[in-house]
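Below is one structure, written out as structure tokens, with a few remarks after it.
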Amino acid sequence: MADKKDEENQGEENTAKRDFLQAVEGEVQARWEKEKAWELDALEEWSEDDKQKCMVCFPYPYMNGRLHLGHGFTISKADFFCGYQLHKGKRALFPFAYHATGMPIKACADKLAREMEEFGTPPKFPEAPAQEEKKEKAVSADPLKFGAKKSKEEAKFGSVKYQWKIMQQLGIPDEDIPKFADAAYWLKFFPPRTQDDLRAMGCKIDHRRAFVTTDINPYYDSFVSWQFNRLKELGYCEFGPRYVIWSQSDGQACLDHERTEGENVKPQEYTVVKLEVQEPYPETFGPAVGGKKVSLVAATLRPETMYGQTNCWVLPEGEYGVYNIGNDEYGVCSARAAENMAYQGQSPEFGKVECVATVSGQDLVGLKLTPPNWVKYDTVYALPMLTVLMDKGTGVVTSVPSDSPMDWRALKDLKEKPALREKYGVKDEWVLPFDSVDIIEVPDMKTTRVAEKVCVDLKINSQNDPNLAEAKDVCYKAGFNKGKMLVGSHAGRPVAEVKAKMAEELVEQGLAFPYAEPADRVVSRSGDVCVVARAKQWYLPYGKGEWLERTSALLEKMRMYGAEAQTHQFFREALDWLGDWPFSRTYGLGTKIPWDEQYLVESLSDSTVYMSYYGIAHLLQGGVLDGNGESPVGVKAEQMTAAVWDYVLLGRDFPKDSDIPEAVLRRMRNEVEYWYPYDVRVSGKDLIKNHLTFAAYHHVALFPEKHWPAGVRTNGFLLLNGKKMSKSAGNFLTLRESTDKYSADGTRLALAEAGDSNGDSNFTHNTANAAILRLSNLLELTKDFADAKASGGLRTGEYNFADSVFAAHMDAACVATEKGYDNMDFREGLVKGPFQLKLDHDSYVNSTKVLGGPHVALEERYFHVTAVLFSPITPHVSQRMWELLGHDELVARAPWPKPVLSESEYLGYLTQDHWLQGVLTDMRKTREYDIKTQYKKDGSFKLPEDYKGLPYAVSRVIVYISEYPAWQQEVTAVLQNSYDAESNTMPDMKALSARIRAECPSAKNKKLMNNIMRLLKECQKRIQTEGAEALRVGLPFSEVDLFQKNMGFMKHTLEAPEIVVVPPGEAGPDPQGFPKRKLASPGHPLDIAFILKATMDIP
């Protein structure tokens, strides 16, 4: 019961401390709002070389709900950096906007409207599981025209969420939910509330520059139209058929941000070859195929190997269909493949699947087939294979055992296992006469049958052997990179040169057709599993020519904060991966393509250069999010012509025909020129493959080089208490819920501690609660200091050694924090800066108890430094600290604290302190050892078993400062010459021993070898933490002087009334019976003796 009560009391205390912090936060935020603390305009006079500005930004969030803590994690890094740059003397600007372009909001609004139409308002949903209904698919003559018919998500109870229930989960009252059936209402509802959440978090955002996207905002609509008109003029907008991931429900392409599963998945292109079924056709094909050509259609990535087919594979248990693939031909394949083909011109009508019969895979076994491009076998057979996948490719697999390890192993199994043939009804004549066909030679491997060779080398004896994956990879790379064709019209030529040409020839001869499918599963936000369509699109030709080269150059010189090398590599991979990108849509919200208004610009493509719009958003919109208020400078949207945009954003010719006053135009131009480019963009790493790389491409295309992005900082995903955030699992926090639960600064500090890397970071309840305690205690300590200073109760006068060391710790903390924050590694900056400084302060206060307490000047500096070091992370607490310290101005404007001492000076004090603390540790260990030794020598009696103390106290300590002997100097010289500073390593002990025996005269003295070997091991160990300093001969200070400076503290620590320090070369007192340590290693030349006296008698 006592434990439970303690927990309850602790919970109440935590709540009280949190409430205290939140009260402080409310007062500080009110002051910021009153003083318009974060609103900044461009200077009227400035030079390009001395702007002293920093613009940070964050990819504007999508407004289909409130921000969650994952958003807050990334936003916090932008805000931390903004605060840090303010302390560095920069005019730091953090603008923020709200994204609504695309289909999700429109789809949710339409879904809600359908639910209310079908189930009433408020809706009464089915209580029992319902039969899954197949979605109707949107199909039109023009594949980009949205012909959305009424579609339903699965009605299966408990597995699919109704939009009404989703709105309830978002905290929307039932009476307000019907308003969200209008997509425009989402844009009125969520952005203002998101602004409130960001204010509650304490973000340093200039909200005057905020806006929402789509054509609801006439200014932003004009801006996007200008952007794409310019891209088209520059030749970056092309039109034509392209493979795209396609939502059948939405009737349009489904790109990354329109998916709930499969982000970054692209179409995988194949060549589908036709293995013509020889007549008579089986009755299971039905009457529709009579007199028509029927083929088993097989998808392959290796069309060059079709000369060597010996059979094809089907899944005996698979369900296949006979489908009309156009041109009076029928193809046998899986239903999933037929769906993809229907959107790629392989059906009578776009998007319509025409199935005339269904057959099992077993029904196909034994079909006589004519393979394309045969050179040996003009007839082959369909054979069973149990590893054929029905959702990958077409469900029909070509068999080329000369070059495919799986085909070779499977055919060999059928040949060698009569029982297997009998099980699936395979006749001997379908298998036994067939053998590998020599079609490609790989000279490096000295074989024309690479699959057989690799399988034998890897000892692959089964179709289930895990080494088959490796074998496939080896064969493909060898065949493609080193192989030469032995047959066909391209005989003698390298495979790499003719592979694509051979695929084209198969298509031209009517023996194959191109085909694509998603490389992995993709699910749209409408809930359907996507296919690949070949549709005419407006697209941006990323990944090509000069545009790619210039974008690569930009990304190489852009500063990558945090994990620099890894982030650069992520961008290089994105450039390699990214290709043609369709940007036209027919359904959703957004800006119409200005030259083809039947289409909208998709959501990622209108989000590439909007950061430049921040420069003038406050002048055009004045903080009215949808741009439908009065412009502060009197400019209307229709006045923002192409010429005006060119002048304001690109610095082109002054628009003489514009009716906007010249002063206003020049002011807008000045804002863009001053703030642009942005200095750092903070984002999740998942946006590298699209949003961030797109931004680089578009800036290169549109802007002069001086306005290209300067930096980027990416991070990984945020875990919550070690697990992925999930609403369904109950492990989820919105940003507002977190600030309500843990306070704003408690949340911010826990986010900073969560992690700095591109890997997953972890926000924990315990860390957030600890942050509340840390910050509330810091405020209490600050007030205690202010009261003590006012009462004159703190020590003054000259500094002692402990004072100098603590001053050095403060200097080191300023430098370490600056290094971490400068690279946006905020956790590292905190840990090595203010967190470590708190420990150093505790040690300082403790060490000065016997010296009159801490010095008032150092205490004052400590709280000042701490306030500023914490300020970017916990601005509310730092502001209150600043006020308690007697300042009226905002702490955010305070300059970054600089070291008082030179680097060599403060490092010198820290070196001395580090040495002294190490010596004290050694002395404590020696004291315990000497006490135990003395007790054993004196004792003819035994201590009681339950006695935990020692019956001796120290009466005197003798410290002998010893010089380095000649042998040690010789050995150290060899070690210094052997040390590799770049790798911070030494040769192994065997090599070092040999070198010392060869170069050190002292090594000939066998009595010294034990000491030499001990020194070697000691130095090897210390090098790992101290580097070259471990090999220093002598110390950069006087040990005797250091002991004398700290005599009072050492007597107190060792509980010794007398300490005698014997300098080198002096005899000093010689306590009887205490052997002195003869070995002195670099930096530790001490012999210590403790003189003891009995403190109690034990019978």
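We name chains A, B, ... following the order of the structure tokens; residues begin at 1 in each chain, and ligands are numbered from 1 as shown.
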
List the neighbours of Phe94 of chain A out to 9 Å using only C-alpha atoms; skip same-chain residues closer than 5 positions along the sequence, and give me the result as a PyMOL selection string. chain A and resi 38+54-58+78-79+82+203-207

DSSP helix (DSSP H, G or I) residues within segment 615-721 of chain A, as a PyMOL selection string: chain A and resi 615-620+637-639+642-650+662-675+685-702+705-707

Output the selection as a JSON list (two decimals), in the first residue's frame - C-alpha atoms for each residue.
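Saved as selection-v3.json:
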```json
[["chain", "number", "residue", "atom", "x", "y", "z"],
["A", 615, "GLY", "CA", 9.00, 35.57, -49.49],
["A", 616, "ILE", "CA", 5.85, 37.45, -50.53],
["A", 617, "ALA", "CA", 2.96, 35.50, -48.99],
["A", 618, "HIS", "CA", 2.63, 38.00, -46.13],
["A", 619, "LEU", "CA", 2.44, 40.90, -48.57],
["A", 620, "LEU", "CA", -0.15, 39.24, -50.81],
["A", 637, "ALA", "CA", -4.41, 37.92, -57.65],
["A", 638, "GLU", "CA", -5.22, 38.82, -61.24],
["A", 639, "GLN", "CA", -2.46, 41.43, -61.15],
["A", 642, "ALA", "CA", 3.68, 36.04, -65.65],
["A", 643, "ALA", "CA", 5.82, 39.14, -66.08],
["A", 644, "VAL", "CA", 5.27, 40.10, -62.44],
["A", 645, "TRP", "CA", 6.17, 36.63, -61.21],
["A", 646, "ASP", "CA", 9.27, 36.66, -63.45],
["A", 647, "TYR", "CA", 10.41, 39.93, -61.95],
["A", 648, "VAL", "CA", 9.60, 39.16, -58.32],
["A", 649, "LEU", "CA", 10.95, 35.60, -58.22],
["A", 650, "LEU", "CA", 13.58, 35.46, -60.95],
["A", 662, "GLU", "CA", 6.60, 50.25, -58.51],
["A", 663, "ALA", "CA", 7.41, 50.54, -54.79],
["A", 664, "VAL", "CA", 5.29, 47.47, -54.04],
["A", 665, "LEU", "CA", 6.92, 45.47, -56.81],
["A", 666, "ARG", "CA", 10.38, 46.41, -55.59],
["A", 667, "ARG", "CA", 9.44, 45.54, -52.02],
["A", 668, "MET", "CA", 8.23, 42.10, -53.10],
["A", 669, "ARG", "CA", 11.38, 41.59, -55.13],
["A", 670, "ASN", "CA", 13.52, 42.62, -52.16],
["A", 671, "GLU", "CA", 11.81, 40.08, -49.89],
["A", 672, "VAL", "CA", 12.59, 37.23, -52.26],
["A", 673, "GLU", "CA", 16.14, 38.39, -52.94],
["A", 674, "TYR", "CA", 16.87, 38.77, -49.24],
["A", 675, "TRP", "CA", 15.45, 35.53, -47.90],
["A", 685, "LYS", "CA", 14.09, 10.79, -45.15],
["A", 686, "ASP", "CA", 11.13, 9.15, -46.93],
["A", 687, "LEU", "CA", 10.68, 12.34, -48.96],
["A", 688, "ILE", "CA", 14.15, 12.17, -50.49],
["A", 689, "LYS", "CA", 12.93, 10.01, -53.37],
["A", 690, "ASN", "CA", 10.26, 12.48, -54.37],
["A", 691, "HIS", "CA", 9.59, 15.82, -52.71],
["A", 692, "LEU", "CA", 13.18, 16.81, -51.87],
["A", 693, "THR", "CA", 14.69, 15.65, -55.15],
["A", 694, "PHE", "CA", 11.85, 17.24, -57.12],
["A", 695, "ALA", "CA", 12.63, 20.53, -55.37],
["A", 696, "ALA", "CA", 16.24, 20.29, -56.50],
["A", 697, "TYR", "CA", 15.20, 19.59, -60.11],
["A", 698, "HIS", "CA", 12.74, 22.48, -60.24],
["A", 699, "HIS", "CA", 15.07, 25.02, -58.66],
["A", 700, "VAL", "CA", 17.75, 24.10, -61.17],
["A", 701, "ALA", "CA", 15.25, 24.51, -64.00],
["A", 702, "LEU", "CA", 13.73, 27.82, -62.91],
["A", 705, "GLU", "CA", 22.17, 29.41, -59.19],
["A", 706, "LYS", "CA", 22.40, 31.89, -56.30],
["A", 707, "HIS", "CA", 18.84, 30.87, -55.34]]
```

Segment 626-707 of chain A: which residues are strand (DSSP E or B) by DSSP, as a ChimeraX atom specification? /A:680-684

Atoms to include: C-alpha atoms. Write the selected residues as an mmCIF file, in the first residue's frame.
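again33.cif, freshly written:
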```cif
data_model
loop_
_atom_site.group_PDB
_atom_site.id
_atom_site.type_symbol
_atom_site.label_atom_id
_atom_site.label_comp_id
_atom_site.auth_asym_id
_atom_site.auth_seq_id
_atom_site.Cartn_x
_atom_site.Cartn_y
_atom_site.Cartn_z
ATOM 1 C CA VAL A 680 17.907 24.367 -44.668
ATOM 2 C CA ARG A 681 14.850 22.242 -45.304
ATOM 3 C CA VAL A 682 14.034 19.681 -42.615
ATOM 4 C CA SER A 683 12.183 16.565 -43.698
ATOM 5 C CA GLY A 684 11.652 12.893 -43.117
#
```

Contacts of Thr767 of chain A at 10 Å or less, counting only C-alpha atoms, minus same-chain residues fewer than 6 places along, as a PyMOL selection string? chain A and resi 721+746-747+749-751+753-754+773

Take the residues just selected and output them with C-alpha atoms as a PDB file, in the first residue's frame.
```
ATOM      1  CA  ASN A 721       7.766   4.059 -26.444  1.00  0.00           C
ATOM      2  CA  GLY A 746       8.819  18.746 -21.922  1.00  0.00           C
ATOM      3  CA  THR A 747       7.721  17.519 -25.339  1.00  0.00           C
ATOM      4  CA  LEU A 749      13.199  18.234 -24.858  1.00  0.00           C
ATOM      5  CA  ALA A 750      12.020  14.635 -25.223  1.00  0.00           C
ATOM      6  CA  LEU A 751      11.901  15.077 -29.016  1.00  0.00           C
ATOM      7  CA  GLU A 753      16.572  13.417 -26.898  1.00  0.00           C
ATOM      8  CA  ALA A 754      14.742  10.979 -29.200  1.00  0.00           C
ATOM      9  CA  LEU A 773      11.338  17.197 -13.676  1.00  0.00           C
TER      10      LEU A 773
END
```

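Rounded to one decimal, atom CA of Leu720 of chain A and atom CA of Leu69 of chain A lie 8.7 Å from each other.
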
Near Asp182 of chain A, within 9 Å and counting only C-alpha atoms, which residues show up once chain neighbours fewer than 5 positions away are dropped, as a PyMOL selection string? chain A and resi 106+109-110+113

Include N, CA, C and O atoms and write out the residues we just selected as an mmCIF file, in the first residue's frame.
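The result, written out as again-v1.cif:
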```cif
data_model
loop_
_atom_site.group_PDB
_atom_site.id
_atom_site.type_symbol
_atom_site.label_atom_id
_atom_site.label_comp_id
_atom_site.auth_asym_id
_atom_site.auth_seq_id
_atom_site.Cartn_x
_atom_site.Cartn_y
_atom_site.Cartn_z
ATOM 1 N N LYS A 106 -10.417 15.291 -51.179
ATOM 2 C CA LYS A 106 -11.588 15.147 -52.043
ATOM 3 C C LYS A 106 -12.188 13.751 -51.915
ATOM 4 O O LYS A 106 -13.416 13.584 -51.827
ATOM 5 N N ALA A 109 -13.978 13.464 -48.553
ATOM 6 C CA ALA A 109 -15.232 14.224 -48.562
ATOM 7 C C ALA A 109 -16.300 13.478 -49.357
ATOM 8 O O ALA A 109 -17.459 13.368 -48.917
ATOM 9 N N ASP A 110 -15.932 12.961 -50.523
ATOM 10 C CA ASP A 110 -16.897 12.231 -51.343
ATOM 11 C C ASP A 110 -17.342 10.941 -50.661
ATOM 12 O O ASP A 110 -18.512 10.554 -50.721
ATOM 13 N N ALA A 113 -19.849 11.813 -48.050
ATOM 14 C CA ALA A 113 -21.135 12.133 -48.671
ATOM 15 C C ALA A 113 -21.876 10.857 -49.065
ATOM 16 O O ALA A 113 -23.104 10.758 -48.880
#
```

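Among A:Asp576, A:Asp657, A:Glu818, A:Asp391, the residue with the shortest atom-to-atom distance to Val868 of chain A, counting only C-alpha atoms, is A:Glu818.
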
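Once segment 1036-1051 of chain A and its same-chain neighbours fewer than 2 positions away are set aside, Asn800, Phe801, Ala802, Ser847, Thr848, Lys849, Val850, Leu851, Gly908, Thr911, Gln912, Leu916, Leu920, Ile961, Gly1034, Thr1053, Leu1054, Glu1055, Ala1056, Pro1057, Glu1058, Ile1059, Val1061, Val1062 and Pro1063 of chain A remain within 9 Å of it when counting only C-alpha atoms.
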
Considering only C-alpha atoms, return as an MDAnalysis selection string whatever protein or nucleic-acid residues lie within 8 Å of Arg736 of chain A, sequence-local ones (same chain, fewer than 4 positions apart) excluded. chainID A and resid 67:68 197 200:201 740
